[in-house]
Amino acid sequence: VEAASGWVGETDSRAQTSPPTIAALDFPAMELYAMPAATQTLLDDAQVDIEQWLANEVQIVFAEQEGAAFVNGDGTNKPTGFLSYATAADASWAWNKLGYIASGADGAFASSDPADALINLAYAPKQGYRANRTWVMNRKTESVIRKMKDSSDSYIWQPGSSAGQPATLLGYPVAEAEDMPDIASNSFSIAFGDFARGYLIVDRIGVNVLRDPYSAKPYVLFYTTKRVGGGVQNFEAIKLMKF
């Protein structure tokens, strides 16, 4: 709850106002694990560093699973993805829900002026969340939006101005997340907002690797674990588009 305030005359009495309140957020760090194996002979004879190669492959898999959980995770032994929370039309939005803007057609953009829905979504979050806003969608959704043009026949999608810079849509950067759903009936295929303020990642920094040459001879096991959690911390900062 925000702090209360009000206007007052120079000599008017001042009553005590309500202070802001603090709520506890519980995002437990869940555990990711992998346990690849390699024979001791392979480790001894290989011309490449097999241990390092296995570690790199596990890191990639961990990153993919984390990304999927941050979008769609159900909170059971994994983070709670932002698409797993309850939703409401933005006009009737309430805390603990994510507000959405309608695309204008069932499972599609409206046939006329489809970009208007994107403009509505861009202005759905409050101004305070505007500076660091980002679009999030998968590549199939990107391919649909990249074909949209404005009234002067110019594409509304703008490629990055230099190498390594993200593309922009209506002036805001676009982040590609393969775990966002494809456009379909009742899908939430586009998210937009300040994710740094809206979604909290609880990351116990570091990956632990236990090298076990004893439990499965002649194999050496590489028991690898990482702990990470996450969930929405500010329901005003993220908005969705419902198709």
# chains A, B, ... in the order shown; residues from 1 in each chain; ligands from 1

call {"tool": "residues_around", "arguments": {"residues": "range 56-71 of chain A", "least_positions_apart": "3", "cutoff": "6 Å", "atoms": "only C-alpha atoms", "output": "list in words"}}
result
Trp53, Pro79, Gly81, Phe82, Leu83 and Asp179 of chain A

call {"tool": "write_last_selection", "arguments": {"atoms": "C-alpha atoms", "output": "PDB file, in the first residue's frame"}}
result
ATOM      1  CA  TRP A  53      32.868 -29.636 -22.819  1.00  0.00           C
ATOM      2  CA  PRO A  79      10.360 -20.646 -10.474  1.00  0.00           C
ATOM      3  CA  GLY A  81       6.749 -17.870 -14.657  1.00  0.00           C
ATOM      4  CA  PHE A  82       5.012 -14.561 -15.277  1.00  0.00           C
ATOM      5  CA  LEU A  83       2.506 -16.250 -17.617  1.00  0.00           C
ATOM      6  CA  ASP A 179       9.208 -20.082 -24.619  1.00  0.00           C
TER       7      ASP A 179
END

call {"tool": "closest_atom_pairs", "arguments": {"of": "range 10-32 of chain A", "to": "range 208-229 of chain A", "cutoff": "10 Å", "atoms": "only C-alpha atoms", "output": "JSON lines"}}
result
{"residue": "A:Asp26", "atom": "CA", "partner": "A:Gly229", "partner_atom": "CA", "distance": 9.6}
{"residue": "A:Phe27", "atom": "CA", "partner": "A:Gly229", "partner_atom": "CA", "distance": 5.8}
{"residue": "A:Pro28", "atom": "CA", "partner": "A:Gly229", "partner_atom": "CA", "distance": 5.6}
{"residue": "A:Ala29", "atom": "CA", "partner": "A:Gly229", "partner_atom": "CA", "distance": 4.2}
{"residue": "A:Met30", "atom": "CA", "partner": "A:Arg227", "partner_atom": "CA", "distance": 5.2}
{"residue": "A:Glu31", "atom": "CA", "partner": "A:Arg227", "partner_atom": "CA", "distance": 4.3}
{"residue": "A:Leu32", "atom": "CA", "partner": "A:Lys226", "partner_atom": "CA", "distance": 5.1}

call {"tool": "closest_residue", "arguments": {"among": "A:Gly9, A:Gly128, A:Gly73, A:Gly104", "to": "Val232 in chain A", "atoms": "only C-alpha atoms"}}
result
A:Gly73

call {"tool": "residues_around", "arguments": {"residues": "range 14-17 of chain A", "least_positions_apart": "4", "cutoff": "8 Å", "atoms": "only C-alpha atoms", "output": "list of chain:residue names"}}
result
A:Ala3, A:Ala4, A:Ser5, A:Val8

call {"tool": "select_by_dssp", "arguments": {"residues": "range 105-223 of chain A", "states": "helix (DSSP H, G or I)", "output": "ChimeraX atom specification"}}
result
/A:115-122,127-129,139-145,195-198

call {"tool": "write_last_selection", "arguments": {"atoms": "C-alpha atoms", "output": "PDB file, in the first residue's frame"}}
result
ATOM      1  CA  ALA A 115      -0.607  -1.960 -34.983  1.00  0.00           C
ATOM      2  CA  ASP A 116      -3.145  -0.020 -32.917  1.00  0.00           C
ATOM      3  CA  ALA A 117      -3.253  -2.897 -30.427  1.00  0.00           C
ATOM      4  CA  LEU A 118       0.522  -2.656 -30.015  1.00  0.00           C
ATOM      5  CA  ILE A 119       0.235   1.070 -29.330  1.00  0.00           C
ATOM      6  CA  ASN A 120      -2.453   0.359 -26.725  1.00  0.00           C
ATOM      7  CA  LEU A 121      -0.148  -2.158 -25.056  1.00  0.00           C
ATOM      8  CA  ALA A 122       2.798   0.254 -25.164  1.00  0.00           C
ATOM      9  CA  GLN A 127       4.764   6.326 -16.966  1.00  0.00           C
ATOM     10  CA  GLY A 128       7.025   5.317 -14.085  1.00  0.00           C
ATOM     11  CA  TYR A 129       7.680   1.985 -15.800  1.00  0.00           C
ATOM     12  CA  ARG A 139      10.348 -15.478 -33.239  1.00  0.00           C
ATOM     13  CA  LYS A 140       7.070 -16.558 -34.884  1.00  0.00           C
ATOM     14  CA  THR A 141       5.280 -13.608 -33.329  1.00  0.00           C
ATOM     15  CA  GLU A 142       8.164 -11.372 -34.374  1.00  0.00           C
ATOM     16  CA  SER A 143       7.749 -12.525 -37.971  1.00  0.00           C
ATOM     17  CA  VAL A 144       4.112 -11.402 -37.935  1.00  0.00           C
ATOM     18  CA  ILE A 145       4.861  -7.976 -36.475  1.00  0.00           C
ATOM     19  CA  PHE A 195      10.868  -6.616 -16.279  1.00  0.00           C
ATOM     20  CA  ALA A 196      13.705  -5.490 -14.012  1.00  0.00           C
ATOM     21  CA  ARG A 197      11.087  -4.042 -11.655  1.00  0.00           C
ATOM     22  CA  GLY A 198       8.315  -6.486 -12.445  1.00  0.00           C
TER      23      GLY A 198
END

call {"tool": "residues_around", "arguments": {"residues": "range 96-99 of chain A", "least_positions_apart": "2", "cutoff": "9 Å", "atoms": "only C-alpha atoms", "output": "ChimeraX atom specification"}}
result
/A:82-83,85-94,101,124,232,234-241
